[in-house]
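Structure file upload04.pdb (PDB, C-alpha atoms and all ligand atoms) follows.
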MODEL        1
ATOM      1  CA  MET H  21     123.291  76.260   7.410  1.00  0.00           C
ATOM      2  CA  ASN H  22     126.012  77.820   5.287  1.00  0.00           C
ATOM      3  CA  ILE H  23     129.713  77.502   5.889  1.00  0.00           C
ATOM      4  CA  GLN H  24     130.094  80.973   7.335  1.00  0.00           C
ATOM      5  CA  LYS H  25     127.490  80.279   9.994  1.00  0.00           C
ATOM      6  CA  CYS H  26     129.087  76.946  10.822  1.00  0.00           C
ATOM      7  CA  VAL H  27     132.424  78.611  11.304  1.00  0.00           C
ATOM      8  CA  ILE H  28     130.895  81.261  13.555  1.00  0.00           C
ATOM      9  CA  LEU H  29     129.015  78.663  15.592  1.00  0.00           C
ATOM     10  CA  PHE H  30     132.054  76.458  15.954  1.00  0.00           C
ATOM     11  CA  PHE H  31     134.103  79.428  17.018  1.00  0.00           C
ATOM     12  CA  LEU H  32     131.468  80.503  19.535  1.00  0.00           C
ATOM     13  CA  VAL H  33     131.328  77.077  21.111  1.00  0.00           C
ATOM     14  CA  PHE H  34     135.098  76.792  21.116  1.00  0.00           C
ATOM     15  CA  VAL H  35     135.586  80.223  22.640  1.00  0.00           C
ATOM     16  CA  SER H  36     132.807  79.755  25.204  1.00  0.00           C
ATOM     17  CA  PHE H  37     134.502  76.686  26.598  1.00  0.00           C
ATOM     18  CA  SER H  38     137.985  78.115  26.411  1.00  0.00           C
ATOM     19  CA  PHE H  39     137.523  81.209  28.532  1.00  0.00           C
ATOM     20  CA  ALA H  40     135.832  81.903  31.791  1.00  0.00           C
ATOM     21  CA  GLY H  41     134.871  85.370  30.677  1.00  0.00           C
ATOM     22  CA  GLU H  42     132.104  86.806  28.578  1.00  0.00           C
ATOM     23  CA  LEU H  43     131.824  86.672  24.842  1.00  0.00           C
ATOM     24  CA  TYR H  44     131.515  89.893  22.892  1.00  0.00           C
ATOM     25  CA  PHE H  45     130.420  90.280  19.331  1.00  0.00           C
ATOM     26  CA  ILE H  46     132.164  93.202  17.807  1.00  0.00           C
ATOM     27  CA  ASP H  47     131.485  94.699  14.466  1.00  0.00           C
ATOM     28  CA  ASN H  48     132.667  98.245  13.957  1.00  0.00           C
ATOM     29  CA  GLU H  49     129.353  99.601  12.806  1.00  0.00           C
ATOM     30  CA  ASN H  50     126.683  97.168  13.742  1.00  0.00           C
ATOM     31  CA  ILE H  51     126.974  95.855  17.244  1.00  0.00           C
ATOM     32  CA  GLN H  52     127.869  97.518  20.487  1.00  0.00           C
ATOM     33  CA  ARG H  53     127.549  96.393  24.069  1.00  0.00           C
ATOM     34  CA  TYR H  54     125.806  97.922  27.058  1.00  0.00           C
ATOM     35  CA  ASN H  55     124.858  96.334  30.362  1.00  0.00           C
ATOM     36  CA  GLY H  56     125.475  92.850  29.067  1.00  0.00           C
ATOM     37  CA  ARG H  57     123.347  93.307  25.933  1.00  0.00           C
ATOM     38  CA  SER H  58     124.213  93.540  22.264  1.00  0.00           C
ATOM     39  CA  GLY H  59     122.709  96.463  20.421  1.00  0.00           C
ATOM     40  CA  LYS H  60     123.516  99.956  19.306  1.00  0.00           C
ATOM     41  CA  TRP H  61     123.638 103.541  20.568  1.00  0.00           C
ATOM     42  CA  ILE H  62     121.580 105.844  18.401  1.00  0.00           C
ATOM     43  CA  GLU H  63     120.893 109.539  18.755  1.00  0.00           C
ATOM     44  CA  VAL H  64     117.146 109.945  18.869  1.00  0.00           C
ATOM     45  CA  ASN H  65     115.023 113.098  18.624  1.00  0.00           C
ATOM     46  CA  THR H  66     111.470 111.980  19.274  1.00  0.00           C
ATOM     47  CA  VAL H  67     109.414 109.336  21.071  1.00  0.00           C
ATOM     48  CA  LYS H  68     108.015 108.346  17.683  1.00  0.00           C
ATOM     49  CA  GLN H  69     111.536 107.519  16.505  1.00  0.00           C
ATOM     50  CA  ILE H  70     112.048 105.295  19.550  1.00  0.00           C
ATOM     51  CA  LYS H  71     108.950 103.326  18.544  1.00  0.00           C
ATOM     52  CA  THR H  72     110.117 102.920  14.948  1.00  0.00           C
ATOM     53  CA  LEU H  73     113.592 101.794  15.976  1.00  0.00           C
ATOM     54  CA  ALA H  74     112.335  99.416  18.697  1.00  0.00           C
ATOM     55  CA  ASN H  75     110.136  97.825  16.058  1.00  0.00           C
ATOM     56  CA  GLN H  76     113.056  97.531  13.664  1.00  0.00           C
ATOM     57  CA  PHE H  77     115.252  95.793  16.249  1.00  0.00           C
ATOM     58  CA  GLY H  78     112.493  93.474  17.446  1.00  0.00           C
ATOM     59  CA  ILE H  79     112.159  94.782  20.998  1.00  0.00           C
ATOM     60  CA  THR H  80     109.382  96.537  22.844  1.00  0.00           C
ATOM     61  CA  VAL H  81     109.308 100.253  23.548  1.00  0.00           C
ATOM     62  CA  GLU H  82     108.992  99.371  27.261  1.00  0.00           C
ATOM     63  CA  ASP H  83     112.299  97.484  27.011  1.00  0.00           C
ATOM     64  CA  VAL H  84     113.992 100.535  25.554  1.00  0.00           C
ATOM     65  CA  TYR H  85     112.703 102.755  28.342  1.00  0.00           C
ATOM     66  CA  ARG H  86     113.676 100.251  31.012  1.00  0.00           C
ATOM     67  CA  ILE H  87     117.205  99.575  29.731  1.00  0.00           C
ATOM     68  CA  ASN H  88     117.872 103.291  29.352  1.00  0.00           C
ATOM     69  CA  ASN H  89     115.989 104.339  32.441  1.00  0.00           C
ATOM     70  CA  ILE H  90     113.938 106.813  30.411  1.00  0.00           C
ATOM     71  CA  LYS H  91     110.482 108.164  31.130  1.00  0.00           C
ATOM     72  CA  GLU H  92     108.502 108.703  27.932  1.00  0.00           C
ATOM     73  CA  LYS H  93     106.944 111.971  29.098  1.00  0.00           C
ATOM     74  CA  GLN H  94     110.301 113.504  29.950  1.00  0.00           C
ATOM     75  CA  PHE H  95     112.108 112.347  26.823  1.00  0.00           C
ATOM     76  CA  LYS H  96     114.308 114.881  25.082  1.00  0.00           C
ATOM     77  CA  ARG H  97     116.782 114.363  22.246  1.00  0.00           C
ATOM     78  CA  SER H  98     119.581 112.060  23.422  1.00  0.00           C
ATOM     79  CA  PHE H  99     121.575 108.897  22.828  1.00  0.00           C
ATOM     80  CA  VAL H 100     119.527 105.797  23.449  1.00  0.00           C
ATOM     81  CA  PHE H 101     120.718 102.210  23.588  1.00  0.00           C
ATOM     82  CA  PHE H 102     118.624  99.786  21.509  1.00  0.00           C
ATOM     83  CA  SER H 103     119.274  96.159  22.347  1.00  0.00           C
ATOM     84  CA  TYR H 104     118.768  93.670  19.546  1.00  0.00           C
ATOM     85  CA  SER H 105     116.369  90.761  19.680  1.00  0.00           C
ATOM     86  CA  ASP H 106     117.841  87.334  18.905  1.00  0.00           C
ATOM     87  CA  THR H 107     115.886  87.389  15.650  1.00  0.00           C
ATOM     88  CA  TYR H 108     117.457  90.686  14.633  1.00  0.00           C
ATOM     89  CA  ILE H 109     120.963  89.371  15.413  1.00  0.00           C
ATOM     90  CA  GLN H 110     120.164  86.321  13.317  1.00  0.00           C
ATOM     91  CA  GLN H 111     119.078  88.622  10.468  1.00  0.00           C
ATOM     92  CA  LEU H 112     122.329  90.550  10.709  1.00  0.00           C
ATOM     93  CA  MET H 113     124.262  87.316  10.415  1.00  0.00           C
ATOM     94  CA  GLU H 114     122.159  86.210   7.458  1.00  0.00           C
ATOM     95  CA  LYS H 115     122.902  89.507   5.730  1.00  0.00           C
ATOM     96  CA  GLY H 116     126.512  88.439   5.901  1.00  0.00           C
ATOM     97  CA  ILE H 117     127.601  90.971   8.467  1.00  0.00           C
ATOM     98  CA  SER H 118     130.797  89.479   9.696  1.00  0.00           C
ATOM     99  CA  LEU H 119     130.590  89.355  13.434  1.00  0.00           C
ATOM    100  CA  GLN H 120     133.920  88.909  15.059  1.00  0.00           C
ATOM    101  CA  PRO H 121     133.460  86.882  18.207  1.00  0.00           C
ATOM    102  CA  LEU H 122     135.795  88.260  20.752  1.00  0.00           C
ATOM    103  CA  SER H 123     136.517  86.565  23.997  1.00  0.00           C
ATOM    104  CA  VAL H 124     137.073  88.643  27.051  1.00  0.00           C
ATOM    105  CA  SER H 125     138.552  86.928  30.036  1.00  0.00           C
ATOM    106  CA  TYR H 126     137.831  88.671  33.273  1.00  0.00           C
ATOM    107  CA  ASP H 127     141.495  88.822  34.228  1.00  0.00           C
ATOM    108  CA  ALA H 128     142.497  90.727  31.073  1.00  0.00           C
ATOM    109  CA  PHE H 129     142.105  94.131  32.742  1.00  0.00           C
ATOM    110  CA  ILE H 130     142.780  95.538  36.179  1.00  0.00           C
ATOM    111  CA  TRP H 131     141.293  98.641  37.760  1.00  0.00           C
ATOM    112  CA  PRO H 132     143.371 101.688  36.808  1.00  0.00           C
ATOM    113  CA  ILE H 133     142.918 103.038  40.314  1.00  0.00           C
ATOM    114  CA  GLY H 134     143.874 100.752  43.160  1.00  0.00           C
ATOM    115  CA  ASP H 135     140.832 100.524  45.320  1.00  0.00           C
ATOM    116  CA  PRO H 136     137.954 102.614  44.015  1.00  0.00           C
ATOM    117  CA  GLU H 137     134.845 102.915  46.141  1.00  0.00           C
ATOM    118  CA  LYS H 138     132.551 104.546  43.701  1.00  0.00           C
ATOM    119  CA  ILE H 139     131.860 105.470  40.110  1.00  0.00           C
ATOM    120  CA  SER H 140     130.498 108.976  39.750  1.00  0.00           C
ATOM    121  CA  SER H 141     129.366 108.478  36.135  1.00  0.00           C
ATOM    122  CA  GLY H 142     128.881 105.277  34.222  1.00  0.00           C
ATOM    123  CA  LEU H 143     128.993 104.571  30.532  1.00  0.00           C
ATOM    124  CA  GLY H 144     125.849 105.704  28.801  1.00  0.00           C
ATOM    125  CA  ARG H 145     123.653 108.728  28.475  1.00  0.00           C
ATOM    126  CA  ARG H 146     124.679 111.760  30.459  1.00  0.00           C
ATOM    127  CA  TRP H 147     123.390 115.290  30.061  1.00  0.00           C
ATOM    128  CA  GLY H 148     121.694 114.127  26.861  1.00  0.00           C
ATOM    129  CA  ARG H 149     124.981 113.014  25.327  1.00  0.00           C
ATOM    130  CA  PHE H 150     126.877 109.767  25.249  1.00  0.00           C
ATOM    131  CA  HIS H 151     129.503 109.272  27.968  1.00  0.00           C
ATOM    132  CA  PRO H 152     131.919 106.682  26.595  1.00  0.00           C
ATOM    133  CA  GLY H 153     133.585 105.601  29.833  1.00  0.00           C
ATOM    134  CA  VAL H 154     133.421 105.607  33.611  1.00  0.00           C
ATOM    135  CA  ASP H 155     134.410 108.388  35.990  1.00  0.00           C
ATOM    136  CA  ILE H 156     136.243 107.253  39.087  1.00  0.00           C
ATOM    137  CA  PRO H 157     136.604 109.953  41.736  1.00  0.00           C
ATOM    138  CA  ALA H 158     139.971 109.987  43.526  1.00  0.00           C
ATOM    139  CA  PRO H 159     142.109 112.566  45.310  1.00  0.00           C
ATOM    140  CA  LYS H 160     144.540 114.603  43.235  1.00  0.00           C
ATOM    141  CA  GLY H 161     147.839 112.744  42.910  1.00  0.00           C
ATOM    142  CA  THR H 162     146.362 109.246  43.181  1.00  0.00           C
ATOM    143  CA  MET H 163     148.349 106.879  41.000  1.00  0.00           C
ATOM    144  CA  VAL H 164     146.759 105.879  37.672  1.00  0.00           C
ATOM    145  CA  ARG H 165     147.856 102.458  36.423  1.00  0.00           C
ATOM    146  CA  ALA H 166     147.785 100.779  33.030  1.00  0.00           C
ATOM    147  CA  ALA H 167     144.735  98.503  32.990  1.00  0.00           C
ATOM    148  CA  MET H 168     146.501  96.127  30.579  1.00  0.00           C
ATOM    149  CA  GLU H 169     150.013  95.939  29.137  1.00  0.00           C
ATOM    150  CA  GLY H 170     150.407  97.917  25.934  1.00  0.00           C
ATOM    151  CA  LYS H 171     151.951 100.753  23.982  1.00  0.00           C
ATOM    152  CA  VAL H 172     151.448 104.461  24.635  1.00  0.00           C
ATOM    153  CA  ILE H 173     149.917 105.962  21.485  1.00  0.00           C
ATOM    154  CA  TYR H 174     148.922 109.330  22.978  1.00  0.00           C
ATOM    155  CA  ALA H 175     150.267 111.275  25.940  1.00  0.00           C
ATOM    156  CA  GLY H 176     149.420 114.956  26.219  1.00  0.00           C
ATOM    157  CA  TYR H 177     146.684 117.542  26.476  1.00  0.00           C
ATOM    158  CA  PHE H 178     143.590 116.681  24.425  1.00  0.00           C
ATOM    159  CA  GLY H 179     140.667 119.111  24.604  1.00  0.00           C
ATOM    160  CA  ASN H 180     137.948 118.140  27.070  1.00  0.00           C
ATOM    161  CA  TYR H 181     139.976 115.117  28.144  1.00  0.00           C
ATOM    162  CA  GLY H 182     142.738 117.340  29.527  1.00  0.00           C
ATOM    163  CA  ASN H 183     146.058 115.598  30.197  1.00  0.00           C
ATOM    164  CA  SER H 184     145.336 112.181  28.841  1.00  0.00           C
ATOM    165  CA  ILE H 185     146.939 108.921  27.890  1.00  0.00           C
ATOM    166  CA  VAL H 186     145.817 106.401  25.312  1.00  0.00           C
ATOM    167  CA  LEU H 187     147.221 102.875  25.380  1.00  0.00           C
ATOM    168  CA  GLU H 188     146.988 100.372  22.569  1.00  0.00           C
ATOM    169  CA  HIS H 189     146.690  96.723  23.588  1.00  0.00           C
ATOM    170  CA  ARG H 190     146.413  93.323  22.003  1.00  0.00           C
ATOM    171  CA  ASP H 191     143.191  92.231  20.238  1.00  0.00           C
ATOM    172  CA  ASN H 192     142.289  95.755  19.052  1.00  0.00           C
ATOM    173  CA  TYR H 193     141.761  97.074  22.573  1.00  0.00           C
ATOM    174  CA  VAL H 194     142.493 100.675  23.468  1.00  0.00           C
ATOM    175  CA  THR H 195     142.226 102.268  26.910  1.00  0.00           C
ATOM    176  CA  ARG H 196     142.048 105.979  27.670  1.00  0.00           C
ATOM    177  CA  TYR H 197     142.857 107.787  30.915  1.00  0.00           C
ATOM    178  CA  ALA H 198     141.750 111.423  31.112  1.00  0.00           C
ATOM    179  CA  HIS H 199     141.867 114.562  33.326  1.00  0.00           C
ATOM    180  CA  ASN H 200     145.246 113.693  34.882  1.00  0.00           C
ATOM    181  CA  SER H 201     147.389 116.220  36.711  1.00  0.00           C
ATOM    182  CA  VAL H 202     150.722 114.689  35.685  1.00  0.00           C
ATOM    183  CA  LEU H 203     151.647 112.222  32.931  1.00  0.00           C
ATOM    184  CA  LEU H 204     154.453 109.738  33.592  1.00  0.00           C
ATOM    185  CA  VAL H 205     154.883 108.147  30.165  1.00  0.00           C
ATOM    186  CA  LYS H 206     155.403 109.327  26.591  1.00  0.00           C
ATOM    187  CA  VAL H 207     154.294 108.182  23.140  1.00  0.00           C
ATOM    188  CA  GLY H 208     156.095 105.010  22.074  1.00  0.00           C
ATOM    189  CA  ASP H 209     156.695 103.703  25.616  1.00  0.00           C
ATOM    190  CA  TYR H 210     155.640 100.148  26.376  1.00  0.00           C
ATOM    191  CA  VAL H 211     153.953  99.739  29.733  1.00  0.00           C
ATOM    192  CA  GLN H 212     153.217  96.732  31.883  1.00  0.00           C
ATOM    193  CA  LYS H 213     149.835  95.993  33.363  1.00  0.00           C
ATOM    194  CA  GLY H 214     149.697  97.875  36.660  1.00  0.00           C
ATOM    195  CA  GLN H 215     152.501 100.252  35.770  1.00  0.00           C
ATOM    196  CA  ALA H 216     152.010 103.839  36.958  1.00  0.00           C
ATOM    197  CA  ILE H 217     151.259 106.056  33.964  1.00  0.00           C
ATOM    198  CA  ALA H 218     149.829 109.253  35.501  1.00  0.00           C
ATOM    199  CA  PHE H 219     148.480 111.004  38.572  1.00  0.00           C
ATOM    200  CA  VAL H 220     144.820 111.875  38.996  1.00  0.00           C
ATOM    201  CA  GLY H 221     143.830 115.484  38.419  1.00  0.00           C
ATOM    202  CA  SER H 222     141.042 117.660  37.065  1.00  0.00           C
ATOM    203  CA  THR H 223     142.403 118.968  33.762  1.00  0.00           C
ATOM    204  CA  GLY H 224     140.212 119.529  30.690  1.00  0.00           C
ATOM    205  CA  ARG H 225     136.432 119.571  31.068  1.00  0.00           C
ATOM    206  CA  SER H 226     136.154 118.285  34.609  1.00  0.00           C
ATOM    207  CA  THR H 227     134.346 119.333  37.729  1.00  0.00           C
ATOM    208  CA  GLY H 228     136.659 117.715  40.259  1.00  0.00           C
ATOM    209  CA  ASN H 229     139.529 115.284  40.675  1.00  0.00           C
ATOM    210  CA  HIS H 230     138.696 112.021  38.973  1.00  0.00           C
ATOM    211  CA  LEU H 231     139.859 109.575  36.362  1.00  0.00           C
ATOM    212  CA  HIS H 232     137.794 109.242  33.198  1.00  0.00           C
ATOM    213  CA  PHE H 233     138.532 105.736  31.967  1.00  0.00           C
ATOM    214  CA  GLU H 234     137.509 104.140  28.655  1.00  0.00           C
ATOM    215  CA  ILE H 235     137.941 100.700  27.167  1.00  0.00           C
ATOM    216  CA  ARG H 236     137.353 100.537  23.430  1.00  0.00           C
ATOM    217  CA  CYS H 237     137.562  97.643  21.055  1.00  0.00           C
ATOM    218  CA  ALA H 238     137.791  98.475  17.381  1.00  0.00           C
ATOM    219  CA  ASP H 239     136.897 101.993  18.558  1.00  0.00           C
ATOM    220  CA  ILE H 240     133.579 100.855  20.068  1.00  0.00           C
ATOM    221  CA  PRO H 241     133.348 102.040  23.682  1.00  0.00           C
ATOM    222  CA  LEU H 242     132.642  99.043  25.905  1.00  0.00           C
ATOM    223  CA  ASN H 243     131.367  99.263  29.434  1.00  0.00           C
ATOM    224  CA  PRO H 244     134.470  98.991  31.652  1.00  0.00           C
ATOM    225  CA  LEU H 245     132.250  97.609  34.419  1.00  0.00           C
ATOM    226  CA  ASP H 246     131.603  94.569  32.210  1.00  0.00           C
ATOM    227  CA  LEU H 247     135.308  93.949  31.809  1.00  0.00           C
ATOM    228  CA  LEU H 248     137.000  94.957  35.045  1.00  0.00           C
ATOM    229  CA  PRO H 249     137.194  92.591  38.007  1.00  0.00           C
ATOM    230  CA  GLU H 250     134.008  92.864  40.024  1.00  0.00           C
ATOM    231  CA  LYS H 251     133.979  95.217  42.993  1.00  0.00           C
ATOM    232  CA  SER H 252     131.220  96.259  45.284  1.00  0.00           C
ATOM    233  CA  LEU H 253     131.051  99.841  44.126  1.00  0.00           C
ATOM    234  CA  ILE H 254     128.590 102.600  44.682  1.00  0.00           C
ATOM    235  CA  ILE H 255     127.520 103.499  41.178  1.00  0.00           C
ATOM    236  CA  MET H 256     125.801 106.829  40.871  1.00  0.00           C
ATOM    237  CA  LYS H 257     123.159 107.305  38.198  1.00  0.00           C
ATOM    238  CA  ASN H 258     124.143 109.444  35.268  1.00  0.00           C
ATOM    239  CA  PRO H 259     122.340 112.774  35.234  1.00  0.00           C
ATOM    240  CA  LYS H 260     119.894 112.856  32.328  1.00  0.00           C
TER     241      LYS H 260
HETATM  242 ZN    ZN H 301     134.014 110.961  32.114  1.00  0.00          ZN
ENDMDL
END

The structure given in the file should be rewritten as structure tokens.
Ligand SMILES: [Zn+2]
Amino acid sequence: MNIQKCVILFFLVFVSFSFAGELYFIDNENIQRYNGRSGKWIEVNTVKQIKTLANQFGITVEDVYRINNIKEKQFKRSFVFFSYSDTYIQQLMEKGISLQPLSVSYDAFIWPIGDPEKISSGLGRRWGRFHPGVDIPAPKGTMVRAAMEGKVIYAGYFGNYGNSIVLEHRDNYVTRYAHNSVLLVKVGDYVQKGQAIAFVGSTGRSTGNHLHFEIRCADIPLNPLDLLPEKSLIIMKNPK
């Protein structure tokens, strides 16, 4: 075992015992997370490509279909999540890809909307494209709160996102809050966790009042449902 691996292993063990939360491996290009698995989102055109990629990552085609809730016969071009086998992850490490273990404690984030009951769209494939966050329906004017303390790095209208806010946090985390009716903070402001930053609306590309919420680390969209405190929510399936 080389030194690099030792360091990684030591760090993993250390971090695992230090935090109650989950451990994420983040590498800008190589590893992403979805439904508690490490892998990667890839835009795929054909069923044949799915087979080739599944083979490459050491998983079965059935796994790919199950994780993504895809039916082979109905498959059309879209983003597909390929989880990595342990062997493939090991190979990545042997290639010297520097995985940054990143600890996530479950109390790091709070829900940006007080008491949500449902998620109308989850992170993942939607309408054949990749939806990088969760949609939380709420009446217009509902208060949107900072999910973690941080600095406002964007506050304004931004294309499909409408009136949106982007906060920069510690450890390379960024959160985004989109489709708001009113923004309450400006670029450069520092906000506390739980501080009101906007009111829910339906600006930008939106079909009704809701908050589109993203958590990214090193610009990789993570599944907010993996990181936010657990709630018994009704989670609606993303339309294919
Ligand atoms: Zn959305």

Kindly resolve the PyMOL selection byres (((chain H and resi 71-87) around 9) and not hetatm) on the present coordinates and return the residues as a PyMOL selection string. chain H and resi 55+59+67-70+88-92+100-109

Taking all atoms listed in the file into account, produce a table as a tab-separated table in which each residue of chain H with an atom at most 8 Å from an atom of ligand ZN 301 (chain H) appears once, together with its shortest atom pair and the distance in Å to one decimal, ordered by chain and rising number.
residue	atom	partner	partner_atom	distance
H:Ser141	CA	H:ZN301	ZN	6.6
H:Gly142	CA	H:ZN301	ZN	7.9
H:His151	CA	H:ZN301	ZN	6.4
H:Pro152	CA	H:ZN301	ZN	7.3
H:Gly153	CA	H:ZN301	ZN	5.8
H:Val154	CA	H:ZN301	ZN	5.6
H:Asp155	CA	H:ZN301	ZN	4.7
H:Ala198	CA	H:ZN301	ZN	7.8
H:Leu231	CA	H:ZN301	ZN	7.4
H:His232	CA	H:ZN301	ZN	4.3
H:Phe233	CA	H:ZN301	ZN	6.9

Show which residues sit within 6 Å of segment 216-225 of chain H, as a PyMOL selection string. Count all atoms listed in the file, and ignore same-chain residues fewer than 4 positions away. chain H and resi 160-165+180-182+199-205+229

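Atom CA of Glu137 of chain H to atom CA of Leu247 of chain H spans 16.9 Å [interatomic distance, one decimal].
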
Selected residue, from H:Ser58, H:Gln110, H:Thr66, H:Ser140, that lies nearest to Gly228 of chain H when counting only C-alpha atoms: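 Between H:Ser58, H:Gln110, H:Thr66, H:Ser140, the residue approaching Gly228 of chain H most closely is H:Ser140.
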
What are the centre and the three edge lengths of an axis-aligned box that wraps all atoms of segment 204-209 of chain H in the file, given that 6 Å is added to every side, written as lines of an AutoDock Vina configuration file and rounded to one decimal in Å?
center_x = 155.5
center_y = 106.7
center_z = 27.8
size_x = 14.4
size_y = 18.0
size_z = 23.5

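The coordinates place atom CA of Val194 of chain H at 7.6 Å from atom CA of Asp239 of chain H.
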
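Atom CA of Ala238 of chain H lies 20.0 Å from atom CA of Val207 of chain H.
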
Identify which of the residues H:Lys115, H:Arg236, H:His230, H:Arg190 lies closest to Pro136 of chain H, counting all atoms listed in the file when measuring atom-to-atom distances. H:His230

Using the chain letters and numbers from this file, what does the PyMOL selection byres (((chain H and resi 170) around 9) and not hetatm) select? Give the answer as a CSV table (one decimal) with C-alpha atoms, in the frame of the given file.
chain,number,residue,atom,x,y,z
H,166,ALA,CA,147.8,100.8,33.0
H,168,MET,CA,146.5,96.1,30.6
H,169,GLU,CA,150.0,95.9,29.1
H,171,LYS,CA,152.0,100.8,24.0
H,172,VAL,CA,151.4,104.5,24.6
H,187,LEU,CA,147.2,102.9,25.4
H,188,GLU,CA,147.0,100.4,22.6
H,189,HIS,CA,146.7,96.7,23.6
H,190,ARG,CA,146.4,93.3,22.0
H,194,VAL,CA,142.5,100.7,23.5
H,209,ASP,CA,156.7,103.7,25.6
H,210,TYR,CA,155.6,100.1,26.4
H,211,VAL,CA,154.0,99.7,29.7
H,212,GLN,CA,153.2,96.7,31.9
H,213,LYS,CA,149.8,96.0,33.4

Leaving out Tyr174 of chain H and any residue of its chain fewer than 3 positions from it, which residues lie within 9 Å of it when counting all atoms listed in the file, given as an NGL selection string? :H and (184-187 or 196 or 206-208)

Since the input is missing atoms, can you rebuild N, CA and C atoms for segment 187-206 of chain H and write them as a PDB file, keeping the file's coordinate frame?
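Result file out-v4.pdb:
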ATOM      1  N   LEU H 187     146.382 104.064  25.543  1.00  0.00           N
ATOM      2  CA  LEU H 187     147.221 102.875  25.380  1.00  0.00           C
ATOM      3  C   LEU H 187     146.591 101.940  24.357  1.00  0.00           C
ATOM      4  N   GLU H 188     147.452 101.353  23.547  1.00  0.00           N
ATOM      5  CA  GLU H 188     146.988 100.372  22.569  1.00  0.00           C
ATOM      6  C   GLU H 188     147.391  98.990  23.073  1.00  0.00           C
ATOM      7  N   HIS H 189     146.433  98.061  23.062  1.00  0.00           N
ATOM      8  CA  HIS H 189     146.690  96.723  23.588  1.00  0.00           C
ATOM      9  C   HIS H 189     146.489  95.669  22.521  1.00  0.00           C
ATOM     10  N   ARG H 190     146.656  94.434  22.936  1.00  0.00           N
ATOM     11  CA  ARG H 190     146.413  93.323  22.003  1.00  0.00           C
ATOM     12  C   ARG H 190     144.918  93.255  21.651  1.00  0.00           C
ATOM     13  N   ASP H 191     144.583  92.489  20.637  1.00  0.00           N
ATOM     14  CA  ASP H 191     143.191  92.231  20.238  1.00  0.00           C
ATOM     15  C   ASP H 191     142.395  93.502  19.962  1.00  0.00           C
ATOM     16  N   ASN H 192     143.042  94.552  19.433  1.00  0.00           N
ATOM     17  CA  ASN H 192     142.289  95.755  19.052  1.00  0.00           C
ATOM     18  C   ASN H 192     141.772  96.588  20.213  1.00  0.00           C
ATOM     19  N   TYR H 193     142.217  96.306  21.421  1.00  0.00           N
ATOM     20  CA  TYR H 193     141.761  97.074  22.573  1.00  0.00           C
ATOM     21  C   TYR H 193     142.554  98.365  22.722  1.00  0.00           C
ATOM     22  N   VAL H 194     141.851  99.401  23.159  1.00  0.00           N
ATOM     23  CA  VAL H 194     142.493 100.675  23.468  1.00  0.00           C
ATOM     24  C   VAL H 194     141.917 101.144  24.799  1.00  0.00           C
ATOM     25  N   THR H 195     142.756 101.669  25.678  1.00  0.00           N
ATOM     26  CA  THR H 195     142.226 102.268  26.910  1.00  0.00           C
ATOM     27  C   THR H 195     142.643 103.737  26.959  1.00  0.00           C
ATOM     28  N   ARG H 196     141.776 104.544  27.582  1.00  0.00           N
ATOM     29  CA  ARG H 196     142.048 105.979  27.670  1.00  0.00           C
ATOM     30  C   ARG H 196     141.900 106.435  29.114  1.00  0.00           C
ATOM     31  N   TYR H 197     142.813 107.305  29.536  1.00  0.00           N
ATOM     32  CA  TYR H 197     142.857 107.787  30.915  1.00  0.00           C
ATOM     33  C   TYR H 197     142.893 109.308  30.853  1.00  0.00           C
ATOM     34  N   ALA H 198     141.844 109.979  31.328  1.00  0.00           N
ATOM     35  CA  ALA H 198     141.750 111.423  31.112  1.00  0.00           C
ATOM     36  C   ALA H 198     141.694 112.233  32.405  1.00  0.00           C
ATOM     37  N   HIS H 199     141.938 113.535  32.263  1.00  0.00           N
ATOM     38  CA  HIS H 199     141.867 114.562  33.326  1.00  0.00           C
ATOM     39  C   HIS H 199     143.027 114.510  34.322  1.00  0.00           C
ATOM     40  N   ASN H 200     144.129 113.855  33.935  1.00  0.00           N
ATOM     41  CA  ASN H 200     145.246 113.693  34.882  1.00  0.00           C
ATOM     42  C   ASN H 200     145.929 115.019  35.205  1.00  0.00           C
ATOM     43  N   SER H 201     146.588 115.047  36.377  1.00  0.00           N
ATOM     44  CA  SER H 201     147.389 116.220  36.711  1.00  0.00           C
ATOM     45  C   SER H 201     148.783 116.086  36.096  1.00  0.00           C
ATOM     46  N   VAL H 202     149.356 114.897  36.187  1.00  0.00           N
ATOM     47  CA  VAL H 202     150.722 114.689  35.685  1.00  0.00           C
ATOM     48  C   VAL H 202     150.762 113.401  34.858  1.00  0.00           C
ATOM     49  N   LEU H 203     151.470 113.437  33.740  1.00  0.00           N
ATOM     50  CA  LEU H 203     151.647 112.222  32.931  1.00  0.00           C
ATOM     51  C   LEU H 203     153.044 111.658  33.154  1.00  0.00           C
ATOM     52  N   LEU H 204     153.164 110.354  33.261  1.00  0.00           N
ATOM     53  CA  LEU H 204     154.453 109.738  33.592  1.00  0.00           C
ATOM     54  C   LEU H 204     155.079 108.977  32.427  1.00  0.00           C
ATOM     55  N   VAL H 205     154.346 108.890  31.312  1.00  0.00           N
ATOM     56  CA  VAL H 205     154.883 108.147  30.165  1.00  0.00           C
ATOM     57  C   VAL H 205     154.768 108.994  28.906  1.00  0.00           C
ATOM     58  N   LYS H 206     155.465 108.583  27.859  1.00  0.00           N
ATOM     59  CA  LYS H 206     155.403 109.327  26.591  1.00  0.00           C
ATOM     60  C   LYS H 206     155.076 108.384  25.427  1.00  0.00           C
TER      61      LYS H 206
END
